[in-house]
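Source file data_39.cif; content: mmCIF, C-alpha atoms.
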```cif
data_data
#
loop_
_atom_site.label_atom_id
_atom_site.label_comp_id
_atom_site.auth_asym_id
_atom_site.auth_seq_id
_atom_site.Cartn_x
_atom_site.Cartn_y
_atom_site.Cartn_z
CA MET A 1 0.00 0.00 0.00
CA ASN A 2 1.42 3.38 -0.88
CA LEU A 3 1.15 6.51 1.24
CA LYS A 4 -1.51 8.12 -0.91
CA GLU A 5 -3.78 5.12 -0.39
CA LEU A 6 -3.20 5.26 3.35
CA TYR A 7 -3.63 9.01 3.76
CA GLN A 8 -6.83 9.35 1.74
CA GLU A 9 -8.56 12.68 1.26
CA ILE A 10 -11.20 11.78 3.82
CA ILE A 11 -8.59 11.21 6.54
CA LEU A 12 -6.71 14.43 5.81
CA GLU A 13 -9.96 16.38 5.57
CA HIS A 14 -11.12 15.10 8.97
CA GLY A 15 -7.73 16.02 10.38
CA LYS A 16 -8.12 19.58 9.13
CA ASN A 17 -11.78 20.02 10.04
CA PRO A 18 -12.53 17.79 13.01
CA ARG A 19 -16.11 16.66 13.62
CA ASN A 20 -17.54 16.23 17.11
CA LEU A 21 -14.17 16.93 18.71
CA ARG A 22 -15.53 18.54 21.86
CA LYS A 23 -17.08 17.64 25.19
CA THR A 24 -20.86 17.20 25.31
CA GLU A 25 -22.45 19.40 27.95
CA ASN A 26 -24.43 17.46 30.56
CA PHE A 27 -23.34 14.10 29.17
CA ASN A 28 -24.67 11.08 31.07
CA LYS A 29 -22.47 8.32 29.66
CA ASP A 30 -18.77 8.39 28.91
CA ALA A 31 -15.89 6.03 28.29
CA LYS A 32 -12.14 6.47 28.11
CA GLY A 33 -9.72 4.53 25.98
CA HIS A 34 -5.96 4.74 26.13
CA ASN A 35 -3.36 2.83 24.19
CA PRO A 36 -0.10 3.08 26.14
CA LEU A 37 1.86 1.56 23.25
CA CYS A 38 1.19 4.32 20.74
CA GLY A 39 -0.12 6.98 23.15
CA ASP A 40 -3.55 7.39 21.56
CA ASN A 41 -6.22 8.75 23.87
CA VAL A 42 -9.96 8.82 23.23
CA HIS A 43 -12.69 9.94 25.64
CA VAL A 44 -16.23 9.52 24.27
CA TYR A 45 -19.23 11.42 25.70
CA LEU A 46 -22.86 10.45 25.18
CA LYS A 47 -26.05 12.23 26.08
CA LEU A 48 -29.03 9.87 26.14
CA ASN A 49 -32.58 11.05 26.71
CA GLY A 50 -35.29 9.22 28.70
CA GLN A 51 -36.07 6.94 25.72
CA LYS A 52 -32.38 6.05 25.48
CA ILE A 53 -32.06 7.91 22.22
CA VAL A 54 -28.72 9.57 21.57
CA GLU A 55 -29.15 13.33 21.71
CA ASP A 56 -25.50 14.19 21.43
CA ILE A 57 -22.23 12.38 20.97
CA SER A 58 -18.71 13.80 21.03
CA PHE A 59 -15.13 12.97 21.88
CA GLU A 60 -11.87 14.42 23.05
CA GLY A 61 -8.51 12.89 22.39
CA SER A 62 -5.23 12.83 20.58
CA GLY A 63 -3.59 10.47 18.15
CA CYS A 64 -2.42 10.10 14.57
CA ALA A 65 -4.56 11.30 11.65
CA ILE A 66 -5.97 7.83 11.01
CA SER A 67 -6.92 7.30 14.64
CA MET A 68 -8.58 10.73 14.91
CA ALA A 69 -10.48 10.36 11.63
CA SER A 70 -11.74 6.96 12.78
CA ALA A 71 -12.93 8.43 16.10
CA GLN A 72 -14.80 11.19 14.26
CA LEU A 73 -16.50 8.75 11.90
CA MET B 1 32.97 10.39 16.50
CA VAL B 2 31.77 12.87 19.11
CA LYS B 3 32.94 15.76 16.94
CA HIS B 4 31.17 14.35 13.89
CA GLU B 5 27.90 13.90 15.79
CA ALA B 6 28.14 17.37 17.35
CA ASP B 7 28.68 18.89 13.89
CA LEU B 8 25.67 17.05 12.48
CA VAL B 9 23.42 18.01 15.40
CA GLU B 10 24.43 21.66 15.08
CA TYR B 11 23.78 21.59 11.33
CA GLY B 12 20.45 19.80 11.85
CA GLN B 13 19.36 22.29 14.50
CA GLU B 14 20.14 25.24 12.22
CA LEU B 15 18.27 23.58 9.38
CA LEU B 16 15.16 22.69 11.38
CA GLN B 17 15.06 26.03 13.19
CA LYS B 18 14.61 27.71 9.81
CA ASN B 19 11.74 25.39 8.97
CA ASN B 20 8.42 27.02 9.86
CA SER B 21 6.15 24.99 12.12
CA VAL B 22 8.97 22.69 13.27
CA ARG B 23 9.57 23.03 17.00
CA LEU B 24 12.81 21.60 18.36
CA ILE B 25 12.73 20.15 21.85
CA GLY B 26 15.67 20.47 24.20
CA ASN B 27 18.89 22.38 23.72
CA PRO B 28 21.28 21.39 26.51
CA LYS B 29 25.03 21.86 26.59
CA ASN B 30 26.88 18.81 25.26
CA LYS B 31 23.78 17.66 23.42
CA GLY B 32 23.95 14.05 22.21
CA GLY B 33 23.28 12.90 18.66
CA VAL B 34 19.52 13.40 18.69
CA LEU B 35 17.10 15.94 17.27
CA SER B 36 13.69 15.80 18.96
CA PHE B 37 10.92 17.84 17.41
CA THR B 38 7.24 18.30 16.76
CA ILE B 39 5.51 19.67 13.66
CA GLU B 40 2.56 21.92 14.28
CA GLY B 41 -0.72 20.20 13.43
CA ILE B 42 0.78 16.83 12.47
CA HIS B 43 0.97 13.93 14.91
CA PRO B 44 4.49 12.47 15.31
CA HIS B 45 3.30 9.03 14.21
CA ASP B 46 2.05 10.51 10.94
CA VAL B 47 5.40 12.29 10.57
CA ALA B 48 7.29 9.02 11.07
CA THR B 49 5.09 7.15 8.57
CA ILE B 50 5.49 9.78 5.85
CA LEU B 51 9.24 10.23 6.46
CA ASP B 52 9.63 6.45 6.23
CA GLY B 53 8.07 6.62 2.76
CA ASP B 54 10.87 9.04 1.81
CA GLY B 55 13.55 6.69 3.16
CA VAL B 56 14.10 8.58 6.41
CA ALA B 57 13.87 6.42 9.54
CA ILE B 58 13.02 8.30 12.73
CA ARG B 59 11.39 7.33 15.99
CA ALA B 60 8.06 8.71 17.16
CA GLY B 61 6.12 8.47 20.38
CA HIS B 62 7.05 8.80 24.03
CA HIS B 63 10.58 7.37 23.79
CA CYS B 64 9.92 5.75 27.21
CA CYS B 65 9.55 9.27 28.60
CA GLN B 66 5.82 9.83 29.20
CA ILE B 67 6.32 12.06 32.25
CA LEU B 68 8.43 14.55 30.32
CA HIS B 69 5.88 14.62 27.47
CA ASP B 70 3.12 15.34 30.00
CA LYS B 71 5.22 18.17 31.41
CA LEU B 72 5.85 19.58 27.92
CA ASN B 73 2.12 19.19 27.27
CA ILE B 74 2.58 17.29 24.03
CA PRO B 75 1.07 13.86 23.24
CA ALA B 76 4.26 12.57 21.59
CA SER B 77 7.35 13.74 19.71
CA SER B 78 9.47 12.79 16.70
CA ARG B 79 13.15 12.07 17.09
CA ALA B 80 15.88 11.78 14.48
CA SER B 81 19.21 10.33 15.61
CA VAL B 82 22.58 10.86 13.98
CA GLY B 83 25.66 8.67 14.17
CA ILE B 84 29.06 8.18 12.57
CA TYR B 85 27.38 6.78 9.44
CA ASN B 86 25.30 9.93 8.79
CA THR B 87 26.18 12.95 6.69
CA ARG B 88 24.94 16.52 6.30
CA GLU B 89 23.18 15.36 3.13
CA ASP B 90 21.13 12.98 5.29
CA LEU B 91 19.89 15.96 7.29
CA ASP B 92 18.99 17.78 4.06
CA THR B 93 17.00 14.68 3.11
CA LEU B 94 15.31 14.81 6.54
CA ASN B 95 14.38 18.46 6.01
CA ASP B 96 13.03 17.73 2.49
CA ALA B 97 10.98 14.84 3.86
CA ILE B 98 9.55 17.10 6.59
CA ASN B 99 8.56 19.60 3.89
CA ASN B 100 6.89 16.80 1.94
CA CYS B 101 5.03 15.80 5.10
CA LYS B 102 3.79 19.38 5.55
CA LYS B 103 2.70 19.39 1.90
CA ILE B 104 0.64 16.22 2.35
CA PHE B 105 -1.04 17.77 5.40
CA ASN B 106 -1.37 21.16 3.68
CA GLN B 107 0.73 23.01 6.25
CA LYS B 108 2.68 26.13 5.36
#
```

Written as structure tokens, how would this file's structure read?
Amino acid sequence: MNLKELYQEIILEHGKNPRNLRKTENFNKDAKGHNPLCGDNVHVYLKLNGQKIVEDISFEGSGCAISMASAQL
Amino acid sequence: MVKHEADLVEYGQELLQKNNSVRLIGNPKNKGGVLSFTIEGIHPHDVATILDGDGVAIRAGHHCCQILHDKLNIPASSRASVGIYNTREDLDTLNDAINNCKKIFNQK
């Protein structure tokens, strides 16, 4: 696989304009993930309403472009 | 050997200091044969992957030094090492590869 295949437009675009990279206000569910080997960090926030429907979802974290684009998607 | 490494590190530091968006980390007296750096807006693991594609092997990550990275408030860093087998041309290649990396990520 060459670099262009790996670093597709979609990954670079998400790196430049991150989606949902923030902390949901009044979240009621959250989960943290940390990979000590590569140093990636992801903290996901969920806000569920009474019917258990997702009202908002977001994340904070750091990692390589591929890891961050995956988290956003 | 020490003289050769010191000359390469000095040359590399001058080169990378001129490169916009490259931030060098650490500048002690009697610096060893390493150049640690970050590039604004590009994760060190992406830097290492892209530099590898250009034939430049560097290390990226914590370098077994998480506490220092926490203190510097950076998630990771890139590190190029020089030895007796390296030349100034190798550092030019490193700088060119960094510029290519910035191009891929659309950095100035």

Exercise. Could you tell me which of B:Val82, B:Ala6, B:Leu91, B:Ile50 comes closest to chain A if we count all atoms listed in the file?
Key: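 Using all atoms listed in the file, the shortest distance to chain A belongs to B:Ile50.
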
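Shell of region 9-15 of chain A at 10 Å, with all atoms listed in the file counted and residues fewer than 4 places along the chain excluded, is Lys4, Glu5, Arg19, Cys64, Ala65, Ile66, Ser67, Met68, Ala69, Ser70, Ala71, Gln72 and Leu73 of chain A; Gly41, Ile42, Ile104, Phe105 and Asn106 of chain B.
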
Separation of CA of Asn28 (chain A) from CA of Val42 (chain A), in Å and rounded to one decimal: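 Taking CA of Asn28 (chain A) as the start and CA of Val42 (chain A) as the end point, the length is 16.8 Å.
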
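Between CA of Ile58 (chain B) and CA of His34 (chain A) lies a distance of 23.5 Å.
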
If the cut-off is 6 Å, can you tell me the residues of chain B near chain A, counting all atoms listed in the file? I'd like them as a VMD selection string. chain B and resid 43 45 to 46

For the structure shown, which residues end up in the PyMOL selection byres ((chain B and resi 63) around 12)? Put them as a CSV table (one decimal) with C-alpha atoms, in the frame of the given file, please?
```csv
chain,number,residue,atom,x,y,z
A,36,PRO,CA,-0.1,3.1,26.1
A,37,LEU,CA,1.9,1.6,23.2
A,38,CYS,CA,1.2,4.3,20.7
A,39,GLY,CA,-0.1,7.0,23.2
B,34,VAL,CA,19.5,13.4,18.7
B,36,SER,CA,13.7,15.8,19.0
B,44,PRO,CA,4.5,12.5,15.3
B,58,ILE,CA,13.0,8.3,12.7
B,59,ARG,CA,11.4,7.3,16.0
B,60,ALA,CA,8.1,8.7,17.2
B,61,GLY,CA,6.1,8.5,20.4
B,62,HIS,CA,7.0,8.8,24.0
B,64,CYS,CA,9.9,5.8,27.2
B,65,CYS,CA,9.6,9.3,28.6
B,66,GLN,CA,5.8,9.8,29.2
B,67,ILE,CA,6.3,12.1,32.2
B,68,LEU,CA,8.4,14.6,30.3
B,69,HIS,CA,5.9,14.6,27.5
B,75,PRO,CA,1.1,13.9,23.2
B,76,ALA,CA,4.3,12.6,21.6
B,77,SER,CA,7.4,13.7,19.7
B,78,SER,CA,9.5,12.8,16.7
B,79,ARG,CA,13.2,12.1,17.1
B,80,ALA,CA,15.9,11.8,14.5
```

CA of Lys102 (chain B) to CA of Arg23 (chain B) measures 13.3 Å

As a check of understanding, name the residues that the PyMOL selection byres ((chain B and resi 29) around 12) selects in the supplied structure, as a list in words.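 This file gives the following for the PyMOL selection byres ((chain B and resi 29) around 12): Ala6, Val9, Glu10, Gly26, Asn27, Pro28, Asn30, Lys31 and Gly32 of chain B.
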
Minimum-distance residue to Arg22 (chain A), chosen among A:Asn35, A:Phe59, A:Val54, A:Leu46 (using all atoms listed in the file):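 That would be A:Phe59, the residue with the smallest distance to Arg22 (chain A).
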
12 Å contact set for Asn49 (chain A), all atoms listed in the file, chain neighbours under 4 positions out, as a PDB file with C-alpha atoms, in the frame of the given file:
```pdb
ATOM      1  CA  ASN A  26     -24.430  17.460  30.560  1.00  0.00           C
ATOM      2  CA  PHE A  27     -23.340  14.100  29.170  1.00  0.00           C
ATOM      3  CA  ASN A  28     -24.670  11.080  31.070  1.00  0.00           C
ATOM      4  CA  LYS A  29     -22.470   8.320  29.660  1.00  0.00           C
ATOM      5  CA  ILE A  53     -32.060   7.910  22.220  1.00  0.00           C
ATOM      6  CA  VAL A  54     -28.720   9.570  21.570  1.00  0.00           C
ATOM      7  CA  GLU A  55     -29.150  13.330  21.710  1.00  0.00           C
ATOM      8  CA  ASP A  56     -25.500  14.190  21.430  1.00  0.00           C
ATOM      9  CA  ILE A  57     -22.230  12.380  20.970  1.00  0.00           C
TER      10      ILE A  57
END
```

Taking all atoms of region 55-66 of chain B that the file lists and extending 4 Å past them on each side, where is the centre of the axis-aligned box and how long are its edges? Answer in Å to one decimal, as AutoDock Vina command-line options.
```
--center_x 10.0 --center_y 7.8 --center_z 16.2 --size_x 16.3 --size_y 12.1 --size_z 34.0
```
